[in-house]
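J.: One file is attached below, target_9.txt, containing compact mmCIF, C-alpha atoms.
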# COMPACT_ATOMS: atom_id res chain seq x y z
CA MET A 1 22.94 65.13 147.65
CA PRO A 2 19.62 64.15 149.23
CA VAL A 3 21.47 62.22 151.93
CA SER A 4 23.62 65.17 152.86
CA SER A 5 20.63 67.51 152.85
CA ASN A 6 18.85 65.26 155.33
CA THR A 7 21.92 64.86 157.52
CA ALA A 8 22.39 68.59 158.05
CA PRO A 9 18.99 69.10 159.67
CA GLU A 10 19.60 66.04 161.86
CA LYS A 11 22.88 67.49 163.10
CA GLN A 12 21.19 70.79 163.70
CA GLY A 13 18.45 69.00 165.60
CA ALA A 14 21.01 67.19 167.75
CA ARG A 15 22.73 70.43 168.58
CA ALA A 16 19.39 72.03 169.26
CA GLY A 17 18.14 69.10 171.35
CA ILE A 18 18.36 71.17 174.51
CA HIS A 19 15.64 73.76 174.93
CA PRO A 20 17.06 77.30 174.53
CA LEU A 21 15.74 78.34 177.94
CA ALA A 22 17.28 75.29 179.65
CA ARG A 23 20.61 75.92 177.93
CA TYR A 24 20.45 79.59 178.91
CA LEU A 25 19.72 78.75 182.56
CA GLY A 26 22.47 76.11 182.63
CA VAL A 27 25.08 78.58 181.42
CA ARG A 28 23.95 81.18 183.95
CA ALA A 29 24.03 78.61 186.78
CA ALA A 30 27.60 77.60 185.86
CA LEU A 31 28.69 81.24 185.83
CA THR A 32 27.01 81.77 189.20
CA ILE A 33 29.03 78.93 190.75
CA LEU A 34 32.26 80.43 189.41
CA LEU A 35 31.29 83.84 190.78
CA LEU A 36 30.57 82.36 194.21
CA PHE A 37 34.05 80.84 194.21
CA GLY A 38 35.43 84.24 193.24
CA VAL A 39 33.59 85.91 196.12
CA THR A 40 35.27 83.64 198.65
CA LEU A 41 38.67 84.40 197.11
CA VAL A 42 38.13 88.17 197.06
CA THR A 43 36.74 88.19 200.60
CA PHE A 44 39.68 86.21 201.96
CA THR A 45 42.25 88.30 200.06
CA LEU A 46 40.87 91.70 201.02
CA THR A 47 40.52 90.71 204.66
CA ASN A 48 44.15 89.62 204.81
CA LEU A 49 45.21 92.92 203.24
CA VAL A 50 43.76 94.88 206.17
CA PRO A 51 46.69 96.77 207.79
CA ALA A 52 45.99 95.50 211.29
CA ASP A 53 47.03 92.62 213.50
CA PRO A 54 44.15 90.15 213.99
CA VAL A 55 46.00 88.56 216.91
CA GLN A 56 46.05 91.78 218.89
CA ALA A 57 42.42 92.47 218.02
CA ALA A 58 41.43 89.03 219.29
CA LEU A 59 43.65 88.77 222.37
CA GLY A 60 44.02 92.34 223.53
CA GLU A 61 47.19 94.29 224.25
CA GLN A 62 48.30 92.40 227.37
CA ALA A 63 47.86 88.89 225.94
CA ALA A 64 49.34 89.96 222.59
CA ALA A 65 52.52 91.02 224.41
CA ASN A 66 53.16 87.39 225.45
CA PRO A 67 54.96 85.53 222.61
CA GLU A 68 53.84 82.12 223.83
CA ILE A 69 50.17 83.09 223.84
CA VAL A 70 50.52 84.67 220.40
CA ALA A 71 52.24 81.58 218.97
CA GLN A 72 49.59 79.28 220.43
CA PHE A 73 46.78 81.48 219.07
CA ARG A 74 48.32 81.57 215.58
CA GLU A 75 48.68 77.80 215.58
CA ASN A 76 45.10 77.22 216.74
CA ALA A 77 43.72 79.71 214.21
CA GLY A 78 45.93 78.42 211.39
CA LEU A 79 47.58 81.81 210.95
CA ASP A 80 51.04 80.24 210.99
CA GLN A 81 50.32 78.53 207.65
CA PRO A 82 50.98 80.06 204.19
CA LEU A 83 48.10 82.09 202.73
CA PRO A 84 47.18 79.49 200.06
CA VAL A 85 46.85 76.85 202.77
CA GLN A 86 44.79 79.24 204.89
CA TYR A 87 42.48 79.90 201.94
CA VAL A 88 41.94 76.20 201.24
CA THR A 89 41.11 75.70 204.92
CA TYR A 90 38.78 78.69 204.86
CA LEU A 91 37.03 77.45 201.70
CA GLY A 92 36.56 74.00 203.20
CA ASN A 93 35.04 75.50 206.35
CA VAL A 94 32.71 77.72 204.30
CA LEU A 95 31.45 74.74 202.32
CA GLN A 96 30.59 73.10 205.64
CA GLY A 97 28.79 76.22 206.86
CA ASP A 98 31.54 77.15 209.32
CA LEU A 99 32.34 80.88 209.10
CA GLY A 100 34.40 81.00 212.27
CA VAL A 101 33.71 82.46 215.70
CA SER A 102 32.99 86.15 216.19
CA GLN A 103 35.46 87.94 218.42
CA GLN A 104 32.81 90.36 219.69
CA THR A 105 29.96 87.97 220.50
CA ARG A 106 32.03 84.76 221.06
CA ALA A 107 29.37 82.95 219.03
CA PRO A 108 29.60 81.30 215.60
CA VAL A 109 29.40 83.92 212.86
CA SER A 110 26.83 81.79 211.03
CA ASN A 111 24.52 82.02 214.05
CA ASP A 112 24.97 85.79 214.26
CA LEU A 113 24.24 86.19 210.56
CA GLY A 114 21.24 83.90 210.91
CA LYS A 115 19.78 86.38 213.40
CA ALA A 116 20.84 89.59 211.65
CA PHE A 117 20.10 88.77 208.01
CA PRO A 118 16.33 88.11 208.36
CA ALA A 119 15.91 91.50 210.05
CA THR A 120 17.62 93.28 207.16
CA ALA A 121 15.81 91.14 204.59
CA GLU A 122 12.45 92.06 206.14
CA LEU A 123 13.34 95.75 206.02
CA ALA A 124 14.71 95.59 202.46
CA LEU A 125 11.76 93.56 201.13
CA THR A 126 9.29 96.05 202.56
CA ALA A 127 11.24 98.96 201.08
CA ILE A 128 11.52 97.34 197.64
CA LEU A 129 7.80 96.51 197.55
CA ILE A 130 6.97 100.14 198.34
CA SER A 131 9.47 101.23 195.69
CA ILE A 132 8.02 98.96 193.00
CA VAL A 133 4.46 100.14 193.55
CA LEU A 134 5.26 103.85 193.76
CA GLY A 135 8.36 104.04 191.57
CA VAL A 136 7.09 102.07 188.57
CA GLY A 137 3.61 103.54 188.96
CA LEU A 138 4.85 107.13 189.02
CA GLY A 139 7.29 106.45 186.19
CA MET A 140 4.52 105.06 184.00
CA TRP A 141 2.21 107.94 184.88
CA ALA A 142 4.90 110.47 184.00
CA ALA A 143 5.68 108.71 180.71
CA LEU A 144 2.03 108.58 179.66
CA ARG A 145 1.65 112.28 180.60
CA ARG A 146 4.95 113.47 179.18
CA ARG A 147 5.54 117.18 178.69
CA THR A 148 2.68 118.03 181.06
CA ILE A 149 2.67 119.57 184.53
CA THR A 150 2.15 116.11 186.04
CA ASP A 151 5.27 114.85 184.31
CA GLN A 152 7.34 117.81 185.53
CA VAL A 153 6.13 117.46 189.13
CA ILE A 154 6.90 113.72 189.22
CA ARG A 155 10.37 114.32 187.78
CA VAL A 156 11.13 116.97 190.42
CA VAL A 157 9.89 114.70 193.22
CA SER A 158 12.03 111.81 191.94
CA LEU A 159 15.06 114.10 191.79
CA VAL A 160 14.49 115.10 195.42
CA GLY A 161 14.24 111.43 196.41
CA ILE A 162 17.58 110.66 194.79
CA SER A 163 19.31 113.72 196.24
CA VAL A 164 18.29 113.52 199.91
CA PRO A 165 20.88 111.64 202.04
CA SER A 166 19.35 108.62 203.75
CA PHE A 167 21.07 109.19 207.11
CA TRP A 168 19.82 112.80 207.28
CA LEU A 169 16.31 111.77 206.26
CA ALA A 170 16.32 108.98 208.86
CA LEU A 171 17.08 111.46 211.63
CA VAL A 172 14.46 113.97 210.41
CA VAL A 173 11.76 111.32 210.07
CA TYR A 174 12.64 109.92 213.49
CA PHE A 175 12.42 113.36 215.10
CA VAL A 176 9.17 114.40 213.40
CA PHE A 177 7.07 111.23 213.41
CA PHE A 178 8.32 109.71 216.68
CA SER A 179 9.73 112.41 218.95
CA GLN A 180 7.20 115.11 218.06
CA LEU A 181 4.03 113.55 216.65
CA ARG A 182 4.28 110.10 218.27
CA TRP A 183 2.59 108.53 215.26
CA PHE A 184 4.96 105.56 214.92
CA PRO A 185 7.35 103.62 217.17
CA GLY A 186 10.86 105.00 217.19
CA SER A 187 13.24 102.06 217.41
CA GLY A 188 13.50 98.30 217.49
CA ARG A 189 11.59 95.65 215.60
CA LEU A 190 8.95 95.14 218.31
CA SER A 191 7.72 96.97 221.37
CA PRO A 192 9.56 96.10 224.62
CA ALA A 193 6.50 94.34 226.02
CA ALA A 194 5.86 92.31 222.86
CA ILE A 195 6.94 88.68 222.64
CA PRO A 196 8.62 87.67 219.35
CA PRO A 197 6.71 85.02 217.38
CA PRO A 198 8.09 81.47 217.03
CA LYS A 199 11.02 81.62 214.63
CA VAL A 200 10.41 80.21 211.17
CA THR A 201 11.93 82.74 208.78
CA GLY A 202 13.31 85.23 211.31
CA MET A 203 11.09 87.98 209.86
CA TYR A 204 8.64 89.04 212.53
CA THR A 205 5.86 90.03 210.13
CA VAL A 206 5.91 86.67 208.33
CA ASP A 207 6.39 84.58 211.48
CA SER A 208 3.58 86.35 213.33
CA LEU A 209 1.25 85.71 210.39
CA LEU A 210 2.20 82.05 210.32
CA ALA A 211 1.55 81.81 214.07
CA GLY A 212 -1.71 83.75 213.83
CA GLN A 213 -0.46 86.43 216.25
CA TRP A 214 -2.25 89.45 214.77
CA VAL A 215 -1.31 91.86 217.56
CA THR A 216 2.36 91.03 217.09
CA PHE A 217 1.97 91.40 213.33
CA ALA A 218 0.45 94.88 213.69
CA ASP A 219 3.23 95.88 216.09
CA ALA A 220 5.92 94.61 213.68
CA VAL A 221 4.36 96.49 210.76
CA ALA A 222 4.21 99.70 212.81
CA HIS A 223 7.93 99.41 213.56
CA LEU A 224 8.67 98.74 209.89
CA ILE A 225 6.99 101.82 208.45
CA LEU A 226 9.53 104.55 209.26
CA PRO A 227 12.81 102.79 208.39
CA ALA A 228 11.29 101.16 205.29
CA ALA A 229 9.95 104.50 204.06
CA VAL A 230 13.35 106.13 204.55
CA LEU A 231 15.10 103.37 202.62
CA ALA A 232 12.46 103.35 199.89
CA LEU A 233 12.65 107.08 199.08
CA TYR A 234 15.90 106.86 197.13
CA THR A 235 14.81 103.71 195.29
CA ILE A 236 11.46 105.29 194.43
CA GLY A 237 13.23 108.26 192.86
CA LEU A 238 15.60 106.00 190.95
CA LEU A 239 12.85 103.68 189.68
CA THR A 240 10.59 106.59 188.73
CA ARG A 241 13.18 108.17 186.49
CA PHE A 242 14.36 104.90 184.99
CA ALA A 243 10.84 103.52 184.42
CA ARG A 244 9.83 106.77 182.74
CA SER A 245 12.77 106.61 180.34
CA ALA A 246 12.24 102.91 179.57
CA ILE A 247 8.51 103.32 178.94
CA LEU A 248 9.04 106.39 176.75
CA GLU A 249 11.47 104.39 174.65
CA VAL A 250 8.95 101.58 174.18
CA LEU A 251 6.09 103.95 173.40
CA ASP A 252 7.86 105.06 170.21
CA LEU A 253 8.39 101.51 168.88
CA ASP A 254 6.52 100.32 165.80
CA TYR A 255 4.69 97.40 167.42
CA VAL A 256 3.12 99.74 170.00
CA ARG A 257 1.96 102.08 167.26
CA ALA A 258 0.56 99.10 165.36
CA ALA A 259 -1.35 97.95 168.46
CA ARG A 260 -2.88 101.40 168.80
CA ALA A 261 -3.69 101.50 165.09
CA LYS A 262 -5.65 98.26 165.49
CA GLY A 263 -7.94 100.05 167.93
CA LEU A 264 -6.90 98.15 171.08
CA PRO A 265 -7.90 99.83 174.36
CA GLY A 266 -5.25 101.95 176.02
CA ARG A 267 -5.06 99.69 179.09
CA VAL A 268 -4.41 96.64 176.90
CA VAL A 269 -1.68 98.44 174.96
CA VAL A 270 0.03 99.59 178.16
CA SER A 271 -0.19 96.28 180.05
CA ARG A 272 0.51 93.82 177.22
CA TYR A 273 2.87 95.77 175.00
CA VAL A 274 4.40 98.81 176.70
CA LEU A 275 5.02 97.46 180.20
CA ARG A 276 6.33 94.10 179.02
CA GLY A 277 8.71 95.77 176.60
CA ALA A 278 10.08 97.98 179.36
CA LEU A 279 10.35 95.22 181.98
CA VAL A 280 13.87 94.05 181.11
CA PRO A 281 15.66 97.33 181.94
CA ILE A 282 13.37 97.94 184.92
CA ILE A 283 14.15 94.49 186.36
CA THR A 284 17.86 95.24 185.98
CA VAL A 285 17.53 98.35 188.13
CA LEU A 286 15.35 96.47 190.62
CA GLY A 287 18.00 93.79 191.11
CA VAL A 288 20.74 96.35 191.74
CA ALA A 289 18.49 98.45 193.97
CA PHE A 290 17.44 95.48 196.11
CA GLY A 291 21.06 94.42 196.54
CA SER A 292 21.93 97.96 197.60
CA LEU A 293 19.09 97.95 200.12
CA LEU A 294 20.31 94.70 201.67
CA SER A 295 23.91 95.86 201.93
CA GLY A 296 23.43 99.59 202.54
CA THR A 297 21.20 99.78 205.61
CA VAL A 298 23.96 100.53 208.12
CA LEU A 299 23.04 104.09 209.07
CA VAL A 300 19.29 103.53 208.98
CA GLU A 301 19.63 100.46 211.20
CA LYS A 302 21.77 102.42 213.64
CA VAL A 303 19.20 105.23 213.86
CA TYR A 304 16.27 102.88 214.39
CA SER A 305 18.15 100.20 216.42
CA TRP A 306 17.11 97.55 213.95
CA HIS A 307 19.83 95.01 214.88
CA GLY A 308 20.24 93.73 211.35
CA LEU A 309 23.08 92.95 209.00
CA GLY A 310 24.13 96.57 208.62
CA GLU A 311 24.44 97.19 212.34
CA TYR A 312 26.30 93.90 212.77
CA ALA A 313 28.73 94.85 209.98
CA TYR A 314 29.32 98.27 211.54
CA SER A 315 30.08 96.75 214.93
CA ALA A 316 32.40 94.16 213.36
CA ALA A 317 34.31 96.82 211.42
CA THR A 318 34.80 99.11 214.41
CA LYS A 319 36.05 96.24 216.58
CA LEU A 320 38.17 94.62 213.83
CA ASP A 321 36.25 91.38 214.12
CA LEU A 322 37.77 89.69 211.06
CA PRO A 323 35.64 86.49 211.06
CA ALA A 324 32.49 88.61 211.25
CA ILE A 325 33.74 90.97 208.54
CA MET A 326 34.50 88.05 206.25
CA GLY A 327 31.10 86.54 206.98
CA VAL A 328 29.26 89.76 206.17
CA GLY A 329 31.30 90.24 202.99
CA LEU A 330 30.54 86.70 201.90
CA VAL A 331 26.81 87.09 202.54
CA VAL A 332 26.61 90.42 200.69
CA GLY A 333 28.53 88.99 197.74
CA CYS A 334 26.28 85.93 197.60
CA VAL A 335 23.20 88.15 197.74
CA TYR A 336 24.34 90.19 194.74
CA ILE A 337 25.23 87.06 192.77
CA GLY A 338 21.91 85.43 193.66
CA LEU A 339 20.00 88.53 192.60
CA ASN A 340 21.89 88.72 189.31
CA PHE A 341 21.06 85.07 188.64
CA LEU A 342 17.39 85.72 189.41
CA VAL A 343 17.41 88.72 187.07
CA ASP A 344 18.97 86.58 184.33
CA VAL A 345 16.27 83.95 184.82
CA LEU A 346 13.56 86.59 184.54
CA TYR A 347 15.21 87.88 181.38
CA GLY A 348 14.87 84.44 179.82
CA PHE A 349 11.17 84.20 180.64
CA ILE A 350 10.27 87.77 179.64
CA ASP A 351 12.31 88.21 176.47
CA PRO A 352 12.85 85.06 174.31
CA ARG A 353 15.60 86.85 172.38
CA VAL A 354 17.84 86.70 175.46
CA ARG A 355 17.80 82.88 175.48
CA VAL A 356 19.64 82.62 172.18
CA ALA A 357 21.99 85.54 172.70
For the structure just supplied, provide its representation as structure tokens.
T.:
Amino acid sequence: MPVSSNTAPEKQGARAGIHPLARYLGVRAALTILLLFGVTLVTFTLTNLVPADPVQAALGEQAAANPEIVAQFRENAGLDQPLPVQYVTYLGNVLQGDLGVSQQTRAPVSNDLGKAFPATAELALTAILISIVLGVGLGMWAALRRRTITDQVIRVVSLVGISVPSFWLALVVYFVFFSQLRWFPGSGRLSPAAIPPPKVTGMYTVDSLLAGQWVTFADAVAHLILPAAVLALYTIGLLTRFARSAILEVLDLDYVRAARAKGLPGRVVVSRYVLRGALVPIITVLGVAFGSLLSGTVLVEKVYSWHGLGEYAYSAATKLDLPAIMGVGLVVGCVYIGLNFLVDVLYGFIDPRVRVA
């Protein structure tokens, strides 16, 4: 009996040899790889289901009317092969960083995305930072002042932010603050006379700081304000309402009441107990909101001539540029998967209970 009682803990220790957080992260990483494979499959399948002829879109009507040219094009592009063979070829090219050649720019899609994605990332990062500061701050303020006039006003403002269409707001903001008041630049990422900083990240604000070009940095920030504010309004409204609900739920928990009963200062209770307890649901919304900002900037980029991922996707869709469409779909899918993985990692660090779930 003593031998068996000692053996059981040893077996348990062997099974528990891996740290719970490491095991949790390993499982999430494996699932992320599977999801990335699934994104390539879905992107390829949906693109091939488009009811249009990619040959005619690439060659034009006159060239597409010549059977010899069409046959040669299909052979060169691999379109004469069965779909499973085409997918394997496509997957192999993607793993090598080859996303094909854009039919509209005649340049590699990877190069086009390398220019467009940093612009959208810069815009989305600015919008999400504004949203975090204002959205979580207003949500916490409303929760701590619940059933007061302040709470009601914040809830109404957040409802307006969620309800206003972004494309309409973009046009109104453009007309008021650029056309009428001339407070901010109207379009583009830099003024026409400004010289872009040396490329490091592709984001003008970051690259100008790294190069020490303060005038360029100020110009880039001025161009960021209007489109970032338009994009942030919806996310601010969403985060305000969600943060308020999450914080109210935590405020009624026993450990928060116990912390108050011990006589801890209100700031300590809010920062150490309330905010940390509400972080998990708030981070979930932040991940989804940031992914939406990265993939949903089409109309705002068109209004402000931002030349980012959204504008590139719009141009590719209108011109039936299938390689570009597949490239954009792949990037957007990878962004969502990467954000979900990051959120899962943050879960593991914030809430230890998640690691053993």
J.: To one decimal in Å, tell me the separation between CA of Ile325 (chain A) and CA of Ser187 (chain A).
T.: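 These atoms are spaced 24.9 Å apart.
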J.: Taking a cut-off of 12 Å and counting only C-alpha atoms, can you build a table that, for each residue of region 256-310 of chain A near region 220-225 of chain A, reports the nearest atom pair and how far apart they are in Å (one decimal), sorted by chain then residue number, as a tab-separated table?
T.:
residue	atom	partner	partner_atom	distance
A:Val300	CA	A:Leu224	CA	11.7
A:Glu301	CA	A:Leu224	CA	11.2
A:Tyr304	CA	A:His223	CA	9.1
A:Ser305	CA	A:His223	CA	10.6
A:Trp306	CA	A:His223	CA	9.4
J.: Near region 248-252 of chain A, within 9 Å and counting all atoms listed in the file, which residues show up once chain neighbours fewer than 4 positions away are dropped, as a list in words?
T.: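 Returned residues: Met140, Ala143, Leu144, Arg146, Ala243, Arg244, Val256, Arg257, Val270, Tyr273, Val274, Leu275, Gly277 and Ala278 of chain A.
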J.: From the set A:Asp321, A:Leu346, A:Gly202, A:Phe341, which residue has the shortest atom-to-atom contact distance to Ala29 (chain A), counting all atoms listed in the file?
T.: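 So, comparing all the options, the nearest one is A:Phe341.
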J.: I'd like the interatomic distance between CA of Ala124 (chain A) and CA of Ile282 (chain A), to a tenth of an Å.
T.: 17.7 Å
J.: When you draw a straight line from CA of Gly287 (chain A) to CA of Leu299 (chain A), how long is it in Å?
T.: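 For CA of Gly287 (chain A) relative to CA of Leu299 (chain A), the distance reads 21.3 Å.
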J.: Which of these, A:Phe117, A:Phe37, A:Trp168, A:Phe44, has the shortest distance to Val303 (chain A) once you count all atoms listed in the file?
T.: A:Trp168
J.: Which residue is closest to Asp207 (chain A)? Choose from A:Leu41, A:Ala313, A:Leu233, A:Ile195 and count all atoms listed in the file.
T.: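 Selected residue with least distance to Asp207 (chain A): A:Ile195.
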J.: Find the residues near region 314-320 of chain A: any atom within 7 Å, counting only C-alpha atoms, skip ones fewer than 3 places away on the same chain, and give them as a ChimeraX atom specification.
T.: /A:57,298,310-311,324-325
J.: Nearest residue to Lys302 (chain A) out of A:Gly333, A:Gly186, A:Gly92, A:Gly338, using only C-alpha atoms?
T.: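 Among A:Gly333, A:Gly186, A:Gly92, A:Gly338, it is A:Gly186 that comes nearest to Lys302 (chain A).
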J.: Can you pull out the residues contacting Leu330 (chain A)? Cut-off 7 Å, using only C-alpha atoms, and skip same-chain residues under 5 positions away; I want them as a PyMOL selection string.
T.: chain A and resi 39-40+43
J.: Write out as a ChimeraX atom specification the residues lying within 10 Å of Leu113 (chain A), counting only C-alpha atoms and excluding same-chain residues fewer than 4 positions away.
T.: /A:99,108-109,117-119,308-309,312-313,324,327-328,331
J.: Can those selected residues be exported to a file as a PDB file, in the frame of the given file so that it contains C-alpha atoms?
T.:
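Done, and the output landed in again-v5.pdb:
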ATOM      1  CA  LEU A  99      32.340  80.880 209.100  1.00  0.00           C
ATOM      2  CA  PRO A 108      29.600  81.300 215.600  1.00  0.00           C
ATOM      3  CA  VAL A 109      29.400  83.920 212.860  1.00  0.00           C
ATOM      4  CA  PHE A 117      20.100  88.770 208.010  1.00  0.00           C
ATOM      5  CA  PRO A 118      16.330  88.110 208.360  1.00  0.00           C
ATOM      6  CA  ALA A 119      15.910  91.500 210.050  1.00  0.00           C
ATOM      7  CA  GLY A 308      20.240  93.730 211.350  1.00  0.00           C
ATOM      8  CA  LEU A 309      23.080  92.950 209.000  1.00  0.00           C
ATOM      9  CA  TYR A 312      26.300  93.900 212.770  1.00  0.00           C
ATOM     10  CA  ALA A 313      28.730  94.850 209.980  1.00  0.00           C
ATOM     11  CA  ALA A 324      32.490  88.610 211.250  1.00  0.00           C
ATOM     12  CA  GLY A 327      31.100  86.540 206.980  1.00  0.00           C
ATOM     13  CA  VAL A 328      29.260  89.760 206.170  1.00  0.00           C
ATOM     14  CA  VAL A 331      26.810  87.090 202.540  1.00  0.00           C
TER      15      VAL A 331
END
J.: Would you mind writing region 137-158 of chain A with N, CA and C atoms, as a PDB file, keeping the file's coordinate frame?
T.:
ATOM      1  N   GLY A 137       4.887 102.873 189.215  1.00  0.00           N
ATOM      2  CA  GLY A 137       3.610 103.540 188.960  1.00  0.00           C
ATOM      3  C   GLY A 137       3.786 105.004 188.583  1.00  0.00           C
ATOM      4  N   LEU A 138       4.616 105.731 189.346  1.00  0.00           N
ATOM      5  CA  LEU A 138       4.850 107.130 189.020  1.00  0.00           C
ATOM      6  C   LEU A 138       5.608 107.284 187.705  1.00  0.00           C
ATOM      7  N   GLY A 139       6.564 106.381 187.447  1.00  0.00           N
ATOM      8  CA  GLY A 139       7.290 106.450 186.190  1.00  0.00           C
ATOM      9  C   GLY A 139       6.386 106.245 184.990  1.00  0.00           C
ATOM     10  N   MET A 140       5.465 105.292 185.091  1.00  0.00           N
ATOM     11  CA  MET A 140       4.520 105.060 184.000  1.00  0.00           C
ATOM     12  C   MET A 140       3.577 106.238 183.824  1.00  0.00           C
ATOM     13  N   TRP A 141       3.115 106.784 184.931  1.00  0.00           N
ATOM     14  CA  TRP A 141       2.210 107.940 184.880  1.00  0.00           C
ATOM     15  C   TRP A 141       2.905 109.126 184.208  1.00  0.00           C
ATOM     16  N   ALA A 142       4.159 109.363 184.596  1.00  0.00           N
ATOM     17  CA  ALA A 142       4.900 110.470 184.000  1.00  0.00           C
ATOM     18  C   ALA A 142       5.134 110.244 182.509  1.00  0.00           C
ATOM     19  N   ALA A 143       5.437 108.997 182.119  1.00  0.00           N
ATOM     20  CA  ALA A 143       5.680 108.710 180.710  1.00  0.00           C
ATOM     21  C   ALA A 143       4.429 108.897 179.865  1.00  0.00           C
ATOM     22  N   LEU A 144       3.280 108.448 180.396  1.00  0.00           N
ATOM     23  CA  LEU A 144       2.030 108.580 179.660  1.00  0.00           C
ATOM     24  C   LEU A 144       1.514 110.021 179.648  1.00  0.00           C
ATOM     25  N   ARG A 145       2.031 110.860 180.543  1.00  0.00           N
ATOM     26  CA  ARG A 145       1.650 112.280 180.600  1.00  0.00           C
ATOM     27  C   ARG A 145       2.852 113.177 180.311  1.00  0.00           C
ATOM     28  N   ARG A 146       3.706 112.739 179.427  1.00  0.00           N
ATOM     29  CA  ARG A 146       4.950 113.470 179.180  1.00  0.00           C
ATOM     30  C   ARG A 146       4.662 114.884 178.664  1.00  0.00           C
ATOM     31  N   ARG A 147       5.591 115.753 179.050  1.00  0.00           N
ATOM     32  CA  ARG A 147       5.540 117.180 178.690  1.00  0.00           C
ATOM     33  C   ARG A 147       4.305 117.869 179.265  1.00  0.00           C
ATOM     34  N   THR A 148       3.779 117.361 180.363  1.00  0.00           N
ATOM     35  CA  THR A 148       2.680 118.030 181.060  1.00  0.00           C
ATOM     36  C   THR A 148       3.152 118.435 182.450  1.00  0.00           C
ATOM     37  N   ILE A 149       2.317 119.144 183.167  1.00  0.00           N
ATOM     38  CA  ILE A 149       2.670 119.570 184.530  1.00  0.00           C
ATOM     39  C   ILE A 149       2.849 118.349 185.427  1.00  0.00           C
ATOM     40  N   THR A 150       2.010 117.340 185.241  1.00  0.00           N
ATOM     41  CA  THR A 150       2.150 116.110 186.040  1.00  0.00           C
ATOM     42  C   THR A 150       3.513 115.485 185.848  1.00  0.00           C
ATOM     43  N   ASP A 151       3.959 115.412 184.605  1.00  0.00           N
ATOM     44  CA  ASP A 151       5.270 114.850 184.310  1.00  0.00           C
ATOM     45  C   ASP A 151       6.378 115.660 184.983  1.00  0.00           C
ATOM     46  N   GLN A 152       6.303 116.972 184.926  1.00  0.00           N
ATOM     47  CA  GLN A 152       7.340 117.810 185.530  1.00  0.00           C
ATOM     48  C   GLN A 152       7.371 117.665 187.048  1.00  0.00           C
ATOM     49  N   VAL A 153       6.189 117.601 187.669  1.00  0.00           N
ATOM     50  CA  VAL A 153       6.130 117.460 189.130  1.00  0.00           C
ATOM     51  C   VAL A 153       6.735 116.117 189.559  1.00  0.00           C
ATOM     52  N   ILE A 154       6.379 115.048 188.864  1.00  0.00           N
ATOM     53  CA  ILE A 154       6.900 113.720 189.220  1.00  0.00           C
ATOM     54  C   ILE A 154       8.416 113.682 189.040  1.00  0.00           C
ATOM     55  N   ARG A 155       8.927 114.307 188.007  1.00  0.00           N
ATOM     56  CA  ARG A 155      10.370 114.320 187.780  1.00  0.00           C
ATOM     57  C   ARG A 155      11.097 115.095 188.877  1.00  0.00           C
ATOM     58  N   VAL A 156      10.516 116.195 189.336  1.00  0.00           N
ATOM     59  CA  VAL A 156      11.130 116.970 190.420  1.00  0.00           C
ATOM     60  C   VAL A 156      11.116 116.163 191.721  1.00  0.00           C
ATOM     61  N   VAL A 157       9.987 115.499 192.000  1.00  0.00           N
ATOM     62  CA  VAL A 157       9.890 114.700 193.220  1.00  0.00           C
ATOM     63  C   VAL A 157      10.902 113.547 193.187  1.00  0.00           C
ATOM     64  N   SER A 158      11.065 112.907 192.047  1.00  0.00           N
ATOM     65  CA  SER A 158      12.030 111.810 191.940  1.00  0.00           C
ATOM     66  C   SER A 158      13.453 112.315 192.113  1.00  0.00           C
TER      67      SER A 158
END
